[in-house]
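J.: Sharing a structure with you now.
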Amino acid sequence: MKMKLFSSSYRQGFFFSIFHILNLGVKPFWIEVSYFMILSLLGLLALTISKPRTLPSFRPQNLDVFFTSVSAATVSSMSTVEMEVFSNAQLVFITMLMFLGGEAFTSFLRLQLMKSKLSMEKTVLQNKIESSNSIISIDSHDSSNSPRNSIHHLELGHEQEDSNLEHAIINSMEDSEAIVKLKSLRFLSYVVFGYILGVVVLGSSLVSIYVSFIPSAKQVLKEKGLNLHTFSLFTTVSTFANCGFVPTNENMMVFRKNSGLLLILIPQVLLGNTLYAPCLRLTIWFLWKITKRGEFEYIMKNSKRVGYSHIFPNLETMALATTVLGFISIQFVVFCSLEWNSEATAGLSSYEKLVGSLFEVVNTRHTGESVFDLSTLTPAILVLFAVMMYLSPYTSFLPIDSNEERLETTERMNRRKGSSLVEYVSFSHLSYLVIFTILICITERDKMKNDPLNFNVLNIVFEVISAYGTVGMSMGYSCARQLKPDVHCKDAAYGFAGKWSNMGKFILIIVMFFGRLKQYCKRGGKGWKVL
């Protein structure tokens with residue numbers, strides 16, 4: 001009995017040590033940093049071992065390969081290499097990086113960690129009670145041989161009452177909110193995984209069917225030597241994960257007249273990012289109405305307590321959906337007003353202009369696929385796009401304070417009491433973007449002096465904000481804009497960052513990591529006051 005007690009106490013101490021490490025030693029921020037770093041390094045290894053299509057004439061530099069790996073893992077879609085350089089095997093590896101790095105899948109992993117933590121907490125508490133009961137049993141056995149039998153019996157009577165009380169607590173826990181929350185997280189993880197799998201399977205199937213039956217789209221894949229199934233899965237995963245990579249050098253510009261394909265991809269853009277939370281809540285509501293499960297009802301009514309960052313109360317969800325549609329409408333009207341008869345939309349019919357314009361403005365938050373050459377757009381549109389890229393996916397206008405928001409505010413105030421000094425002296429997101437932009441301007445100062453039309457501040461700021469917002473839109477580089485023409489200059493179909501120095505590319509890699517993890521520094525700049 002004593003050996004069993006010792007073993008139980010050892011397990012209890014071991015579990016508590018794990019919790020101490022997870023809760024105090026390893027913050028969620030560092031877990032995700034490690035995850036994306038390991039994912040990027042594995043991507044670098046896979047892309048390096050596999051051979052590109054352009055061998056032996058051209059092989060990307062190691063920094064460019066790592067840049068592409070980080071861009072796919074952080075779903076930023078910033079490019080320094082033409083996409084048609086990569087072989088079919090490399091495109092499959094990039095697809096895996098985008099899927100594993102997408103917010104929907106990483107949030108699913110966070111759900112698994114939350115579920116495991118709650119399960120372990122329940123197990124530890126039960127072991128603690130079992131240990132207490134074992135102690136009582138041992139003391140009861142020893143007291144039967146003691147000369148002070150009656151006194152020990154009185155003490156054991158009180159201990160037995162305590163044990164009964166503890167058993168009552170355990171029994172009540174099974175019907176408590178903690179157990180309901182654990183069951184709700186289990187059902188929620190099933191829903192999230194089914195949501196991801198359903199969108200990817202249905203989306204890739206629709207893309208594959210469209211390309212198979214539309215000769216113009218099929219001809220593009222044939223000319224570029226792309227596998228139909230690889231293209232369909234790659235494009236769907238990239239769109240849903242809000243990465244923005246397309247296995248063609250021209251991105252989606254080569255499909256600008258395939259309005260059907262654009263209409264298939266537009267819902268995938270919204271389902272994977274800005275409207276992910278509203279659509280997920282709608283799915284849970286639909287399942288609740290069909291199954292009448294209490295777990296779904298608990299998720300609907302206790303969205304903040306569940307702890308999943310993509311579930312919001314009903315009022316917030318409606319405000320978010322309204323804001324997303326409002327931003328799209330504003331961009332659509334402005335874009336059509338300024339670019340309807342411009343160089344960017346030349347050669348398209350009215351219907352193709354409408355669909356292309358809608359596709360373009362939907363992708364500014366935060367996928368980055370493009371059917372127009374951004375360098376030909378008016379500066380007003382570029383500034384509007386930059387603002388949209390800077391905003392977080394769940395930016396919403398909500399003037400009404402709900403009960404759950406007040407609860408969240410109270411909890412945040414309680415946590416603030418233990419905040420570290422770093423949280424108060426850190427900068428805001430905008431300040432970091434200014435710092436990154438200054439650093440890049442320093443590293444590229446010679447090119448800014450000799451090639452000011454390409455290397456201007458607006459283009460650099462646009463590239464930095466695009467990397468920060470994990471969007472991937474870029475102004476590109478044009479040899480025709482050089483003031484001092486270089487006979488060796490050759491236009492390439494990759495992002496503006498592809499013409500930067502190695503140090504500039506490395507800084508942009510840091511920006512991509514920072515942008516992917518920006519939710520962990522939302523409170524930055526609180527200690528700074530501008531009067």
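Chain lettering (A, B, ...) mirrors the order of the structure tokens, residue numbering begins at 1 for each chain separately, and ligand numbering begins at 1 in order of display.
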When you look at A:Val33 with a cut-off of 12 Å (counting only C-alpha atoms), what residues show up, excluding the ones that are within fewer than 2 positions of it in the same chain? I need them as a count of residues only.

T.: 25

J.: Might you pull out every residue within 8 Å of A:Leu265, with only C-alpha atoms counted and same-chain residues fewer than 5 positions away left off, and present them as a PDB file with N, CA, C and O atoms, in the first residue's frame?

T.:
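Written file, out-v8.pdb:
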ATOM      1  N   GLY A 203     -12.811  22.338 -52.441  1.00  0.00           N
ATOM      2  CA  GLY A 203     -12.187  23.392 -53.238  1.00  0.00           C
ATOM      3  C   GLY A 203     -11.274  22.854 -54.320  1.00  0.00           C
ATOM      4  O   GLY A 203     -11.339  23.281 -55.481  1.00  0.00           O
ATOM      5  N   THR A 236      -5.660  25.494 -53.969  1.00  0.00           N
ATOM      6  CA  THR A 236      -6.698  25.478 -52.941  1.00  0.00           C
ATOM      7  C   THR A 236      -6.108  25.652 -51.550  1.00  0.00           C
ATOM      8  O   THR A 236      -6.604  26.455 -50.751  1.00  0.00           O
ATOM      9  N   THR A 239      -4.841  29.192 -51.162  1.00  0.00           N
ATOM     10  CA  THR A 239      -5.930  30.157 -51.030  1.00  0.00           C
ATOM     11  C   THR A 239      -6.604  30.048 -49.680  1.00  0.00           C
ATOM     12  O   THR A 239      -6.844  31.059 -49.003  1.00  0.00           O
TER      13      THR A 239
END

J.: Choose the residue, out of A:Met473, A:Pro452, A:Glu444, A:Val434, that has the smallest atom-to-atom separation from A:Leu374; count only C-alpha atoms.

T.: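 Under the stated criterion, the closest residue is A:Met473.
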
J.: So, with only C-alpha atoms as the atoms that count, which of A:Lys449, A:Arg281, A:Lys499, A:Lys224 lies closest to A:Asn249?

T.: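 The answer is A:Lys224, which sits nearest to A:Asn249.
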
J.: Sort by chain and increasing residue number a table of all residues of stretch 251-354 of chain A within 7 Å of stretch 183-195 of chain A, each with its closest pair of atoms and their distance in Å to one decimal, counting only C-alpha atoms, and write it as JSON lines.

T.:
{"residue": "A:Glu295", "atom": "CA", "partner": "A:Ser184", "partner_atom": "CA", "distance": 4.6}
{"residue": "A:Phe296", "atom": "CA", "partner": "A:Ser184", "partner_atom": "CA", "distance": 6.7}
{"residue": "A:Ile299", "atom": "CA", "partner": "A:Ser184", "partner_atom": "CA", "distance": 6.6}

J.: For the residues in the current selection, export C-alpha atoms as a CSV table (one decimal), in the first residue's frame.

T.:
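Result file part-v6.csv:
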chain,number,residue,atom,x,y,z
A,295,GLU,CA,-21.5,20.7,-26.2
A,296,PHE,CA,-22.4,22.8,-29.2
A,299,ILE,CA,-19.7,26.6,-27.3

J.: Name the closest residue to A:Arg256 among the candidates A:Thr323, A:Ser392, A:Asn314, A:Ser216; distances are taken between atoms, counting only C-alpha atoms.

T.: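 The shortest atom-to-atom distance to A:Arg256 comes from A:Ser216.
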
J.: Name all residues at most 12 Å from A:Tyr390 (count only C-alpha atoms; drop same-chain ones fewer than 2 positions away) and give them as a JSON list (two decimals) with N, CA and C atoms, in the first residue's frame.

T.:
[["chain", "number", "residue", "atom", "x", "y", "z"],
["A", 364, "THR", "N", -6.76, 41.40, -50.70],
["A", 364, "THR", "CA", -5.92, 42.31, -49.93],
["A", 364, "THR", "C", -5.92, 41.96, -48.45],
["A", 365, "ARG", "N", -6.88, 41.18, -47.99],
["A", 365, "ARG", "CA", -6.96, 40.71, -46.61],
["A", 365, "ARG", "C", -7.32, 39.22, -46.59],
["A", 366, "HIS", "N", -6.29, 38.36, -46.50],
["A", 366, "HIS", "CA", -4.85, 38.59, -46.46],
["A", 366, "HIS", "C", -4.15, 37.55, -47.34],
["A", 383, "VAL", "N", -2.24, 52.83, -51.63],
["A", 383, "VAL", "CA", -2.33, 53.23, -50.23],
["A", 383, "VAL", "C", -3.50, 52.52, -49.56],
["A", 384, "LEU", "N", -4.63, 52.41, -50.24],
["A", 384, "LEU", "CA", -5.79, 51.71, -49.70],
["A", 384, "LEU", "C", -5.46, 50.24, -49.46],
["A", 385, "PHE", "N", -4.79, 49.62, -50.41],
["A", 385, "PHE", "CA", -4.39, 48.23, -50.24],
["A", 385, "PHE", "C", -3.43, 48.06, -49.06],
["A", 386, "ALA", "N", -2.51, 49.01, -48.90],
["A", 386, "ALA", "CA", -1.56, 48.94, -47.79],
["A", 386, "ALA", "C", -2.28, 49.00, -46.45],
["A", 387, "VAL", "N", -3.28, 49.85, -46.35],
["A", 387, "VAL", "CA", -4.07, 49.95, -45.11],
["A", 387, "VAL", "C", -4.80, 48.63, -44.84],
["A", 388, "MET", "N", -5.39, 48.05, -45.88],
["A", 388, "MET", "CA", -6.10, 46.79, -45.72],
["A", 388, "MET", "C", -5.15, 45.67, -45.31],
["A", 392, "SER", "N", -5.61, 43.67, -39.02],
["A", 392, "SER", "CA", -5.67, 42.26, -38.66],
["A", 392, "SER", "C", -6.93, 41.63, -39.25],
["A", 393, "PRO", "N", -6.97, 40.32, -39.42],
["A", 393, "PRO", "CA", -8.13, 39.68, -40.04],
["A", 393, "PRO", "C", -9.43, 39.91, -39.30],
["A", 394, "TYR", "N", -9.36, 40.05, -37.97],
["A", 394, "TYR", "CA", -10.58, 40.19, -37.17],
["A", 394, "TYR", "C", -10.82, 41.62, -36.72],
["A", 395, "THR", "N", -10.39, 42.57, -37.53],
["A", 395, "THR", "CA", -10.73, 43.97, -37.27],
["A", 395, "THR", "C", -12.24, 44.15, -37.48],
["A", 429, "HIS", "N", 2.96, 47.90, -33.05],
["A", 429, "HIS", "CA", 3.22, 47.24, -34.34],
["A", 429, "HIS", "C", 3.68, 48.25, -35.38],
["A", 430, "LEU", "N", 3.04, 49.40, -35.41],
["A", 430, "LEU", "CA", 3.40, 50.41, -36.39],
["A", 430, "LEU", "C", 4.83, 50.88, -36.19],
["A", 433, "LEU", "N", 7.19, 48.39, -37.70],
["A", 433, "LEU", "CA", 7.21, 48.50, -39.16],
["A", 433, "LEU", "C", 8.08, 49.67, -39.61],
["A", 461, "VAL", "N", 7.91, 50.33, -48.39],
["A", 461, "VAL", "CA", 6.88, 50.29, -47.34],
["A", 461, "VAL", "C", 5.80, 49.28, -47.70],
["A", 462, "PHE", "N", 5.40, 49.28, -48.96],
["A", 462, "PHE", "CA", 4.37, 48.34, -49.42],
["A", 462, "PHE", "C", 4.84, 46.90, -49.23],
["A", 463, "GLU", "N", 6.10, 46.63, -49.54],
["A", 463, "GLU", "CA", 6.65, 45.28, -49.39],
["A", 463, "GLU", "C", 6.72, 44.87, -47.92],
["A", 464, "VAL", "N", 7.12, 45.79, -47.04],
["A", 464, "VAL", "CA", 7.23, 45.50, -45.61],
["A", 464, "VAL", "C", 5.85, 45.24, -45.02],
["A", 465, "ILE", "N", 4.87, 46.07, -45.34],
["A", 465, "ILE", "CA", 3.52, 45.87, -44.82],
["A", 465, "ILE", "C", 2.93, 44.57, -45.35],
["A", 466, "SER", "N", 3.22, 44.24, -46.60],
["A", 466, "SER", "CA", 2.73, 42.99, -47.17],
["A", 466, "SER", "C", 3.31, 41.78, -46.44],
["A", 467, "ALA", "N", 4.59, 41.83, -46.09],
["A", 467, "ALA", "CA", 5.20, 40.74, -45.33],
["A", 467, "ALA", "C", 4.65, 40.69, -43.92],
["A", 468, "TYR", "N", 4.47, 41.85, -43.30],
["A", 468, "TYR", "CA", 3.91, 41.91, -41.94],
["A", 468, "TYR", "C", 2.49, 41.37, -41.90],
["A", 469, "GLY", "N", 1.68, 41.71, -42.88],
["A", 469, "GLY", "CA", 0.30, 41.24, -42.92],
["A", 469, "GLY", "C", 0.18, 39.84, -43.48],
["A", 470, "THR", "N", 1.30, 39.18, -43.80],
["A", 470, "THR", "CA", 1.34, 37.86, -44.43],
["A", 470, "THR", "C", 0.42, 37.82, -45.65],
["A", 471, "VAL", "N", 0.52, 38.86, -46.47],
["A", 471, "VAL", "CA", -0.32, 38.99, -47.66],
["A", 471, "VAL", "C", 0.42, 38.50, -48.90],
["A", 472, "GLY", "N", 1.57, 39.07, -49.17],
["A", 472, "GLY", "CA", 2.36, 38.61, -50.30],
["A", 472, "GLY", "C", 2.26, 39.46, -51.55],
["A", 515, "GLY", "N", 5.17, 39.12, -38.37],
["A", 515, "GLY", "CA", 3.78, 39.26, -38.81],
["A", 515, "GLY", "C", 2.96, 38.03, -38.49],
["A", 518, "LYS", "N", 2.20, 38.15, -34.67],
["A", 518, "LYS", "CA", 1.89, 39.48, -34.13],
["A", 518, "LYS", "C", 0.79, 39.46, -33.08]]

J.: Out of A:Lys505, A:His229, A:Arg53, A:Lys257, which residue has the shortest atom-to-atom distance to A:Thr443 when counting only C-alpha atoms?

T.: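 The answer is A:Lys505, which sits nearest to A:Thr443.
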
J.: If you run DSSP over the backbone, which residues in stretch 277-447 of chain A end up helix (DSSP H, G or I)? Put them as a count of residues only.

T.: 118

J.: Enter the distance from atom CA of A:Phe496 to atom CA of A:Leu42, in Å, rounded to one decimal.

T.: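 We find that atom CA of A:Phe496 and atom CA of A:Leu42 lie 25.6 Å from each other.
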